[in-house]
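Participant: Pasting upload_29.cif below, which is mmCIF, C-alpha atoms.
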data_model
#
loop_
_atom_site.label_atom_id
_atom_site.label_comp_id
_atom_site.auth_asym_id
_atom_site.auth_seq_id
_atom_site.Cartn_x
_atom_site.Cartn_y
_atom_site.Cartn_z
CA MET A 1 18.69 41.40 43.08
CA SER A 2 17.64 44.34 41.03
CA GLU A 3 13.92 44.92 41.27
CA ALA A 4 12.64 41.83 43.04
CA GLY A 5 13.44 40.72 46.56
CA HIS A 6 14.24 44.01 48.27
CA PRO A 7 14.80 44.05 51.95
CA SER A 8 11.93 45.85 53.63
CA LEU A 9 12.28 49.30 55.14
CA LYS A 10 12.02 47.66 58.53
CA ALA A 11 15.09 45.53 57.79
CA TYR A 12 17.09 48.69 57.00
CA TYR A 13 16.04 50.41 60.22
CA THR A 14 16.75 47.28 62.25
CA VAL A 15 20.26 46.97 60.82
CA TRP A 16 20.85 50.70 61.35
CA ILE A 17 19.94 50.42 65.04
CA LEU A 18 21.91 47.18 65.41
CA LEU A 19 25.00 48.87 63.96
CA PHE A 20 24.61 51.66 66.52
CA VAL A 21 24.21 49.17 69.35
CA LEU A 22 27.19 47.05 68.28
CA SER A 23 29.35 50.18 67.95
CA VAL A 24 28.36 51.33 71.43
CA VAL A 25 29.15 47.88 72.80
CA SER A 26 32.59 47.79 71.15
CA TYR A 27 33.26 51.31 72.44
CA GLY A 28 32.19 50.15 75.90
CA VAL A 29 34.52 47.14 75.71
CA ASP A 30 37.41 49.57 75.25
CA PHE A 31 36.08 52.21 77.67
CA PHE A 32 35.68 49.81 80.60
CA GLY A 33 38.90 48.00 79.72
CA VAL A 34 37.72 44.40 79.50
CA HIS A 35 40.37 42.00 80.85
CA PRO A 36 42.32 39.93 79.98
CA GLU A 37 43.46 41.42 76.67
CA PRO A 38 42.83 38.33 74.48
CA LEU A 39 39.22 38.36 75.66
CA LYS A 40 38.88 42.04 74.74
CA TRP A 41 40.44 41.41 71.33
CA SER A 42 38.24 38.44 70.49
CA VAL A 43 35.11 40.34 71.56
CA LEU A 44 36.15 43.28 69.37
CA VAL A 45 36.86 41.04 66.38
CA MET A 46 33.51 39.31 66.75
CA LEU A 47 31.66 42.63 67.02
CA ALA A 48 33.47 43.97 63.94
CA LEU A 49 32.64 40.82 61.97
CA ALA A 50 29.01 41.05 63.05
CA LYS A 51 28.83 44.68 61.90
CA ALA A 52 30.53 43.85 58.61
CA GLY A 53 28.14 40.94 58.08
CA LEU A 54 25.09 43.12 58.70
CA ILE A 55 26.29 45.84 56.32
CA MET A 56 27.09 43.34 53.56
CA ALA A 57 23.99 41.19 53.98
CA VAL A 58 21.35 43.91 54.17
CA PHE A 59 22.78 47.30 53.16
CA MET A 60 24.72 45.83 50.24
CA HIS A 61 21.89 43.35 49.50
CA LEU A 62 24.23 40.37 49.40
CA LYS A 63 21.64 38.29 51.26
CA TYR A 64 19.43 38.66 48.19
CA GLU A 65 22.09 37.81 45.62
CA ARG A 66 22.90 34.42 44.15
CA LEU A 67 25.50 32.16 45.74
CA SER A 68 27.86 32.52 42.75
CA LEU A 69 28.35 36.23 43.52
CA ILE A 70 28.40 35.75 47.30
CA TYR A 71 31.17 33.12 47.10
CA THR A 72 33.21 35.21 44.68
CA LEU A 73 33.16 38.05 47.19
CA ALA A 74 33.37 36.11 50.46
CA LEU A 75 36.17 33.61 49.79
CA PRO A 76 39.11 35.95 48.86
CA PRO A 77 38.88 38.02 52.09
CA ILE A 78 39.56 34.81 54.02
CA LEU A 79 43.02 34.83 52.41
CA ILE A 80 43.44 38.42 53.58
CA ALA A 81 42.67 37.34 57.13
CA PHE A 82 45.56 34.88 56.83
CA ILE A 83 47.90 37.61 55.57
CA VAL A 84 46.98 39.79 58.56
CA ILE A 85 47.64 36.90 60.94
CA PHE A 86 50.96 36.14 59.20
CA GLY A 87 51.77 39.86 59.50
CA MET A 88 51.39 39.60 63.26
CA GLY A 89 53.65 36.54 63.39
CA GLU A 90 56.24 38.28 61.23
CA GLY A 91 56.10 41.34 63.47
CA GLN A 92 56.71 39.25 66.58
CA PHE A 93 59.71 37.66 64.88
CA VAL A 94 61.06 41.12 63.98
CA ALA A 95 60.60 42.32 67.55
CA GLU A 96 62.43 39.22 68.81
CA MET A 97 65.32 39.84 66.39
CA ARG A 98 65.52 43.47 67.47
CA ARG A 99 65.85 42.36 71.07
CA THR A 100 68.29 39.49 70.61
CA ALA A 101 70.43 40.67 67.70
CA PHE A 102 70.43 44.43 68.25
CA GLY A 103 69.66 44.73 71.94
CA TRP A 104 67.00 47.38 71.30
CA MET B 1 22.88 41.57 30.77
CA ALA B 2 21.00 38.87 32.60
CA SER B 3 18.76 37.04 30.21
CA THR B 4 17.01 34.80 32.71
CA THR B 5 15.07 35.92 35.73
CA GLN B 6 15.91 34.69 39.19
CA GLU B 7 12.72 32.69 39.50
CA GLU B 8 13.75 30.30 36.73
CA LEU B 9 17.18 29.54 38.20
CA PRO B 10 17.89 26.75 40.66
CA GLY B 11 18.87 28.01 44.10
CA GLY B 12 21.52 27.03 46.63
CA LEU B 13 24.63 25.04 45.71
CA LYS B 14 22.88 23.63 42.67
CA GLY B 15 22.40 27.21 41.53
CA LEU B 16 26.08 27.94 42.14
CA VAL B 17 27.11 25.07 39.85
CA HIS B 18 24.47 26.11 37.34
CA ASP B 19 25.70 29.72 37.26
CA TRP B 20 29.30 28.70 36.62
CA ALA B 21 28.44 25.95 34.13
CA LYS B 22 25.90 27.77 31.97
CA ASP B 23 27.11 29.16 28.68
CA GLU B 24 26.37 32.80 29.55
CA THR B 25 27.46 35.43 32.03
CA THR B 26 28.02 33.86 35.43
CA TYR B 27 26.65 36.65 37.58
CA ASN B 28 22.99 37.34 37.18
CA VAL B 29 23.33 41.07 37.90
CA PRO B 30 23.48 44.21 35.72
CA TRP B 31 27.06 44.80 34.58
CA PRO B 32 27.68 48.07 36.51
CA LYS B 33 26.97 46.19 39.70
CA ALA B 34 29.28 43.30 38.78
CA MET B 35 32.04 45.78 37.93
CA MET B 36 31.58 47.71 41.18
CA TRP B 37 31.78 44.47 43.15
CA ILE B 38 35.00 43.47 41.38
CA PHE B 39 36.46 46.91 42.12
CA LEU B 40 35.43 46.66 45.76
CA LEU B 41 37.02 43.21 46.00
CA GLY B 42 40.27 44.74 44.74
CA ASP B 43 39.93 47.56 47.25
CA THR B 44 39.39 44.97 49.98
CA PHE B 45 42.83 43.62 49.15
CA VAL B 46 44.37 47.10 49.34
CA PHE B 47 42.95 47.75 52.78
CA GLY B 48 43.66 44.17 53.82
CA ILE B 49 47.32 44.66 53.02
CA PHE B 50 47.35 47.90 55.02
CA LEU B 51 45.90 46.01 57.96
CA ALA B 52 48.52 43.28 57.55
CA ALA B 53 51.27 45.94 57.47
CA TYR B 54 49.76 47.55 60.57
CA ALA B 55 49.70 44.18 62.35
CA ALA B 56 53.35 43.56 61.44
CA ALA B 57 54.45 47.08 62.42
CA ARG B 58 52.62 46.98 65.74
CA ALA B 59 53.80 43.49 66.67
CA GLY B 60 57.36 44.39 65.67
CA ALA B 61 57.54 47.65 67.62
CA ASN B 62 60.13 47.57 70.40
CA ILE B 63 58.71 50.65 72.17
CA PRO B 64 55.20 50.28 73.68
CA TRP B 65 52.42 51.14 71.23
CA PRO B 66 50.66 54.43 72.09
CA ASN B 67 47.34 54.00 73.89
CA ALA B 68 44.74 55.12 71.35
CA SER B 69 42.24 55.89 74.12
CA GLU B 70 44.60 58.56 75.46
CA VAL B 71 45.94 59.83 72.14
CA PHE B 72 42.47 60.41 70.72
CA ALA B 73 40.86 61.69 73.92
CA LEU B 74 38.91 64.93 73.97
CA HIS B 75 38.58 67.36 76.86
CA VAL B 76 34.94 67.92 77.68
CA GLY B 77 34.31 70.17 80.67
CA GLY B 78 37.57 69.31 82.39
CA THR B 79 37.29 65.53 82.00
CA GLN B 80 39.07 63.36 79.43
CA VAL B 81 36.64 61.43 77.27
CA PRO B 82 38.52 58.76 75.29
CA LEU B 83 37.88 58.45 71.56
CA LEU B 84 34.93 60.86 71.65
CA LEU B 85 35.58 62.30 68.20
CA ILE B 86 36.10 58.81 66.76
CA ALA B 87 32.84 57.58 68.28
CA ILE B 88 30.94 60.53 66.78
CA MET B 89 32.62 59.91 63.41
CA THR B 90 31.56 56.27 63.59
CA PHE B 91 27.94 57.19 64.21
CA ILE B 92 27.98 59.76 61.43
CA LEU B 93 29.32 57.22 58.94
CA ILE B 94 26.85 54.53 60.00
CA SER B 95 24.02 57.03 59.66
CA SER B 96 25.15 58.09 56.21
CA SER B 97 25.22 54.41 55.26
CA GLY B 98 21.67 54.06 56.55
CA PHE B 99 20.53 57.08 54.52
CA MET B 100 22.13 55.55 51.45
CA ALA B 101 20.34 52.23 51.96
CA LEU B 102 17.04 54.10 52.17
CA ALA B 103 17.92 56.15 49.08
CA VAL B 104 18.41 52.95 47.07
CA ASN B 105 15.13 51.63 48.41
CA TYR B 106 13.21 54.77 47.43
CA GLY B 107 14.98 54.82 44.07
CA TYR B 108 13.65 51.37 43.24
CA ALA B 109 10.23 52.52 44.49
CA ARG B 110 10.50 55.33 41.86
CA ASP B 111 10.29 58.02 44.53
CA LYS B 112 12.64 60.47 42.86
CA ASN B 113 12.52 63.29 45.40
CA LYS B 114 13.02 61.13 48.49
CA SER B 115 15.88 59.29 46.81
CA PHE B 116 17.51 62.61 45.85
CA LEU B 117 17.21 64.06 49.36
CA LEU B 118 18.56 60.89 50.98
CA VAL B 119 21.59 60.71 48.67
CA LEU B 120 22.20 64.39 49.41
CA MET B 121 22.03 63.67 53.16
CA THR B 122 24.49 60.81 52.67
CA ALA B 123 26.91 63.11 50.86
CA ILE B 124 26.61 65.83 53.51
CA PHE B 125 27.21 63.36 56.34
CA GLY B 126 30.22 62.08 54.38
CA LEU B 127 31.50 65.62 54.12
CA ILE B 128 31.10 66.11 57.89
CA PHE B 129 33.06 62.90 58.40
CA VAL B 130 35.92 64.12 56.20
CA GLY B 131 35.89 67.45 58.06
CA MET B 132 36.24 65.70 61.41
CA GLN B 133 38.98 63.50 59.97
CA ALA B 134 40.85 66.65 58.88
CA LEU B 135 40.38 68.11 62.36
CA GLU B 136 41.80 64.95 63.88
CA TRP B 137 44.80 65.00 61.56
CA ALA B 138 45.43 68.68 62.34
CA THR B 139 45.27 68.02 66.08
CA LEU B 140 47.66 65.08 65.88
CA ILE B 141 50.12 66.87 63.62
CA GLY B 142 49.97 69.82 66.03
CA GLU B 143 50.89 67.46 68.86
CA GLY B 144 53.97 66.40 66.93
CA VAL B 145 52.83 63.11 65.40
CA ARG B 146 54.82 62.37 62.25
CA PRO B 147 55.12 59.23 60.12
CA TRP B 148 58.59 58.66 61.55
CA GLU B 149 58.12 59.72 65.19
CA ASN B 150 55.58 60.79 67.78
CA PRO B 151 55.63 61.83 71.43
CA PHE B 152 53.39 58.97 72.61
CA GLY B 153 55.36 55.79 71.94
CA ALA B 154 56.25 53.45 69.07
CA HIS B 155 57.46 55.35 65.99
CA GLN B 156 55.43 53.14 63.66
CA PHE B 157 52.21 54.58 65.10
CA GLY B 158 52.27 57.70 62.93
CA ALA B 159 53.00 55.89 59.68
CA THR B 160 50.21 53.36 60.11
CA PHE B 161 47.76 56.01 61.35
CA PHE B 162 48.30 58.34 58.41
CA MET B 163 48.29 55.45 55.95
CA LEU B 164 45.10 53.78 57.16
CA THR B 165 42.97 56.81 57.96
CA GLY B 166 44.39 58.81 55.06
CA PHE B 167 43.54 56.18 52.48
CA HIS B 168 40.13 55.69 54.04
CA GLY B 169 39.50 59.45 54.17
CA PHE B 170 40.50 59.68 50.52
CA HIS B 171 37.90 57.03 49.71
CA VAL B 172 35.28 59.00 51.64
CA LEU B 173 36.19 62.18 49.77
CA ILE B 174 35.90 60.45 46.38
CA GLY B 175 32.65 58.91 47.60
CA VAL B 176 31.25 62.34 48.51
CA ILE B 177 31.97 63.63 45.00
CA TYR B 178 30.48 60.45 43.51
CA LEU B 179 27.36 60.88 45.67
CA PHE B 180 26.88 64.53 44.76
CA ILE B 181 27.04 63.55 41.07
CA THR B 182 24.58 60.70 41.70
CA ALA B 183 22.23 63.10 43.52
CA LEU B 184 22.38 65.51 40.58
CA ARG B 185 21.64 62.69 38.16
CA ILE B 186 18.63 61.64 40.23
CA LYS B 187 17.41 65.24 40.28
CA LYS B 188 17.92 65.52 36.53
CA GLY B 189 15.86 62.38 36.04
CA SER B 190 18.58 60.34 34.31
CA PHE B 191 17.63 57.17 36.15
CA GLU B 192 13.93 57.81 35.69
CA LYS B 193 14.36 58.27 31.96
CA ALA B 194 16.23 54.98 31.68
CA ASP B 195 13.72 53.38 34.05
CA ASP B 196 16.69 51.88 35.86
CA TYR B 197 17.91 52.91 39.30
CA THR B 198 20.83 50.45 39.31
CA GLY B 199 23.19 53.45 39.25
CA VAL B 200 22.00 54.55 42.66
CA GLU B 201 22.48 51.07 44.05
CA VAL B 202 26.02 50.89 42.62
CA ALA B 203 26.89 54.23 44.24
CA GLY B 204 25.39 52.80 47.41
CA LEU B 205 27.63 49.73 47.20
CA TYR B 206 30.71 51.97 47.11
CA TRP B 207 29.46 54.01 50.06
CA HIS B 208 28.63 50.95 52.19
CA PHE B 209 32.11 49.62 51.44
CA VAL B 210 33.63 52.82 52.84
CA ASP B 211 31.56 52.26 55.99
CA LEU B 212 32.68 48.62 56.04
CA VAL B 213 36.36 49.59 55.99
CA TRP B 214 35.75 52.04 58.83
CA VAL B 215 34.30 49.19 60.93
CA PHE B 216 37.67 47.47 60.78
CA ILE B 217 39.77 50.61 61.25
CA PHE B 218 37.62 51.55 64.25
CA ALA B 219 38.04 48.12 65.80
CA PHE B 220 41.66 47.36 64.98
CA PHE B 221 43.30 50.76 65.10
CA TYR B 222 41.32 52.73 67.67
CA LEU B 223 39.95 50.13 70.07
CA PHE B 224 42.63 47.40 70.10
#
Is it possible to express this structure as structure tokens?
Facilitator:
Amino acid sequence: MSEAGHPSLKAYYTVWILLFVLSVVSYGVDFFGVHPEPLKWSVLVMLALAKAGLIMAVFMHLKYERLSLIYTLALPPILIAFIVIFGMGEGQFVAEMRRTAFGW
Amino acid sequence: MASTTQEELPGGLKGLVHDWAKDETTYNVPWPKAMMWIFLLGDTFVFGIFLAAYAAARAGANIPWPNASEVFALHVGGTQVPLLLIAIMTFILISSSGFMALAVNYGYARDKNKSFLLVLMTAIFGLIFVGMQALEWATLIGEGVRPWENPFGAHQFGATFFMLTGFHGFHVLIGVIYLFITALRIKKGSFEKADDYTGVEVAGLYWHFVDLVWVFIFAFFYLF
């Protein structure tokens, strides 16, 4: 998109308000201490992904770009998600080693 | 630059194959935009690796991780409000992102003055954000938080905090400078003369990315 296919002003305002609402909700999830923890975490992750999606789709105009650009930008971050998950697994292993081998 | 208009190109998956198979540039966007996207993709990896390191450090900590709600709480009239400053910072950054989106919109509508004022607002909100970030750092350092130790719990807390928020704050600071320059260029009429406001959109892409990173820092570092 350069000149054609802009999002309307209304779309911008809607996303703006939605970002506010989603932020308030994620703050509330922490404030009221949603239990159990995995539920809280998955809600937070989903809210963050929703916010990221809104920013990229409308504010960054990705919704109006061609698939070739969208795929170039959307596929590599999936690998990053794996690295973050592997990082957690690695951390748990390190913690286990610290307990069993060092008695920390 | 793009030689064909979007209307002539096939859409969907067929368009994807077409874009990669045609004997011209793959991405049908002006080159500054393609370059900014490639840069942002690289930056995504940088922040992604920081998040992975944070995940590993936090999962590997053998002392309980400090409770962010308590560490970042503010005293308001005798009561502790958790994460108040962070919540305000979040709203300021979202708002600046909104201003930027409108600035791009008015730029393409050839409304020079509105675009200038909105980019200026974006930069000022960014500056407020950096100021609050500095305040937060000063408070935490005053409380004895260091990259190697802190009074609240796991030692790794300080290192990951300074790394994540510091690198993000640095991006905001660079963005503020970038935006002030962009605002000046709008005022000067550089984009009008070239009849091309792509430069404002590219600056906007960078700024929205900074907001995007904050979404993840807010969720994973402060709320988790």
Participant: Could you tell me which of A:Ser42, A:Thr14, A:Thr100, A:Gln92 comes closest to chain B if we count only C-alpha atoms?
Facilitator: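 Going through A:Ser42, A:Thr14, A:Thr100, A:Gln92 one by one, the smallest distance to chain B is for A:Gln92.
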Participant: Quick one: which residues end up in the PyMOL selection byres ((chain B and resi 22-29) around 7) for this structure, as JSON, numbers by chain?
Facilitator: {"A": [1, 68, 69], "B": [2, 18, 19, 20, 21, 30, 31, 33, 34]}
Participant: Find the spatial neighbours of Ala53 in chain B, counting only C-alpha atoms, within a cut-off of 7 Å - ignore same-chain residues fewer than 4 positions away - and output them as a VMD selection string.
Facilitator: (chain A and resid 87) or (chain B and resid 49 57)
Participant: May I have the residues within 9 Å of Ala101 in chain B as an mmCIF file with C-alpha atoms, keeping the file's coordinate frame, using all atoms listed in the file and disregarding those fewer than 5 positions away in the same chain?
Facilitator:
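Okay, part.cif is ready:
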data_model
loop_
_atom_site.group_PDB
_atom_site.id
_atom_site.type_symbol
_atom_site.label_atom_id
_atom_site.label_comp_id
_atom_site.auth_asym_id
_atom_site.auth_seq_id
_atom_site.Cartn_x
_atom_site.Cartn_y
_atom_site.Cartn_z
ATOM 1 C CA TYR A 12 17.090 48.690 57.000
ATOM 2 C CA VAL A 58 21.350 43.910 54.170
ATOM 3 C CA PHE A 59 22.780 47.300 53.160
ATOM 4 C CA MET A 60 24.720 45.830 50.240
ATOM 5 C CA SER B 96 25.150 58.090 56.210
ATOM 6 C CA TYR B 106 13.210 54.770 47.430
ATOM 7 C CA LEU B 118 18.560 60.890 50.980
ATOM 8 C CA GLU B 201 22.480 51.070 44.050
ATOM 9 C CA GLY B 204 25.390 52.800 47.410
ATOM 10 C CA HIS B 208 28.630 50.950 52.190
#
Participant: Please identify all residues of chain A having at least one atom at most 7 Å from any atom of chain B, considering all atoms listed in the file, and return them as a list in words.
Facilitator: Met1, Glu3, Tyr12, Trp16, Phe20, Asp30, Trp41, Leu44, Ala48, Ala52, Ile55, Phe59, Met60, Leu67, Ser68, Leu69, Leu73, Ile80, Ile83, Val84, Gly87, Met88, Glu90, Gly91, Gln92, Val94, Ala95 and Trp104 of chain A
Participant: Calculated over all atoms listed in the file, which of the candidates B:Gly78, B:Phe161, B:Val210, B:Glu136 has the smallest distance to Met56 in chain A?
Facilitator: B:Val210
Participant: Could you work out how far CA of Thr72 in chain A lies from CA of Lys10 in chain A, giving the answer in Å with one decimal?
Facilitator: 28.2 Å
Participant: Extract range 167-193 of chain B from the preceding block and save N, CA and C atoms as a short mmCIF file (atom, residue, chain, number, x, y, z; two decimals), in the first residue's frame.
Facilitator:
data_model
loop_
_atom_site.label_atom_id
_atom_site.label_comp_id
_atom_site.auth_asym_id
_atom_site.auth_seq_id
_atom_site.Cartn_x
_atom_site.Cartn_y
_atom_site.Cartn_z
N PHE B 167 17.31 -1.50 26.33
CA PHE B 167 17.40 -1.57 24.88
C PHE B 167 16.13 -1.00 24.25
N HIS B 168 15.01 -1.24 24.89
CA HIS B 168 13.76 -0.67 24.38
C HIS B 168 13.78 0.86 24.51
N GLY B 169 14.20 1.34 25.69
CA GLY B 169 14.25 2.79 25.90
C GLY B 169 15.19 3.46 24.92
N PHE B 170 16.29 2.78 24.59
CA PHE B 170 17.23 3.31 23.61
C PHE B 170 16.56 3.44 22.24
N HIS B 171 15.75 2.43 21.90
CA HIS B 171 15.00 2.49 20.64
C HIS B 171 14.03 3.67 20.64
N VAL B 172 13.37 3.88 21.79
CA VAL B 172 12.43 5.01 21.88
C VAL B 172 13.18 6.32 21.69
N LEU B 173 14.33 6.43 22.35
CA LEU B 173 15.10 7.66 22.27
C LEU B 173 15.52 7.95 20.82
N ILE B 174 16.04 6.92 20.14
CA ILE B 174 16.40 7.09 18.73
C ILE B 174 15.17 7.46 17.92
N GLY B 175 14.03 6.81 18.25
CA GLY B 175 12.79 7.09 17.55
C GLY B 175 12.36 8.54 17.72
N VAL B 176 12.53 9.08 18.93
CA VAL B 176 12.15 10.47 19.19
C VAL B 176 12.97 11.40 18.31
N ILE B 177 14.28 11.15 18.23
CA ILE B 177 15.14 11.98 17.36
C ILE B 177 14.68 11.88 15.91
N TYR B 178 14.45 10.62 15.47
CA TYR B 178 13.99 10.34 14.12
C TYR B 178 12.69 11.10 13.83
N LEU B 179 11.78 11.09 14.82
CA LEU B 179 10.48 11.74 14.61
C LEU B 179 10.61 13.25 14.55
N PHE B 180 11.47 13.82 15.40
CA PHE B 180 11.67 15.27 15.35
C PHE B 180 12.22 15.67 13.97
N ILE B 181 13.15 14.86 13.45
CA ILE B 181 13.70 15.16 12.11
C ILE B 181 12.59 15.05 11.06
N THR B 182 11.77 13.98 11.19
CA THR B 182 10.67 13.80 10.24
C THR B 182 9.70 14.98 10.31
N ALA B 183 9.39 15.43 11.53
CA ALA B 183 8.49 16.57 11.70
C ALA B 183 9.06 17.81 11.01
N LEU B 184 10.36 18.04 11.21
CA LEU B 184 11.00 19.19 10.57
C LEU B 184 10.92 19.09 9.06
N ARG B 185 11.12 17.87 8.55
CA ARG B 185 11.08 17.69 7.10
C ARG B 185 9.68 17.91 6.55
N ILE B 186 8.66 17.52 7.34
CA ILE B 186 7.29 17.80 6.90
C ILE B 186 7.08 19.30 6.86
N LYS B 187 7.51 19.98 7.93
CA LYS B 187 7.34 21.44 8.04
C LYS B 187 8.04 22.14 6.86
N LYS B 188 9.23 21.63 6.55
CA LYS B 188 10.02 22.25 5.48
C LYS B 188 9.39 22.01 4.11
N GLY B 189 8.53 20.99 4.04
CA GLY B 189 7.87 20.69 2.77
C GLY B 189 8.64 19.71 1.90
N SER B 190 9.58 18.97 2.50
CA SER B 190 10.38 18.02 1.71
C SER B 190 9.50 16.96 1.05
N PHE B 191 8.54 16.46 1.82
CA PHE B 191 7.69 15.40 1.28
C PHE B 191 6.72 15.96 0.24
N GLU B 192 6.27 17.19 0.50
CA GLU B 192 5.34 17.82 -0.41
C GLU B 192 6.01 18.06 -1.76
N LYS B 193 7.26 18.53 -1.68
CA LYS B 193 8.00 18.83 -2.91
C LYS B 193 8.16 17.57 -3.75
#
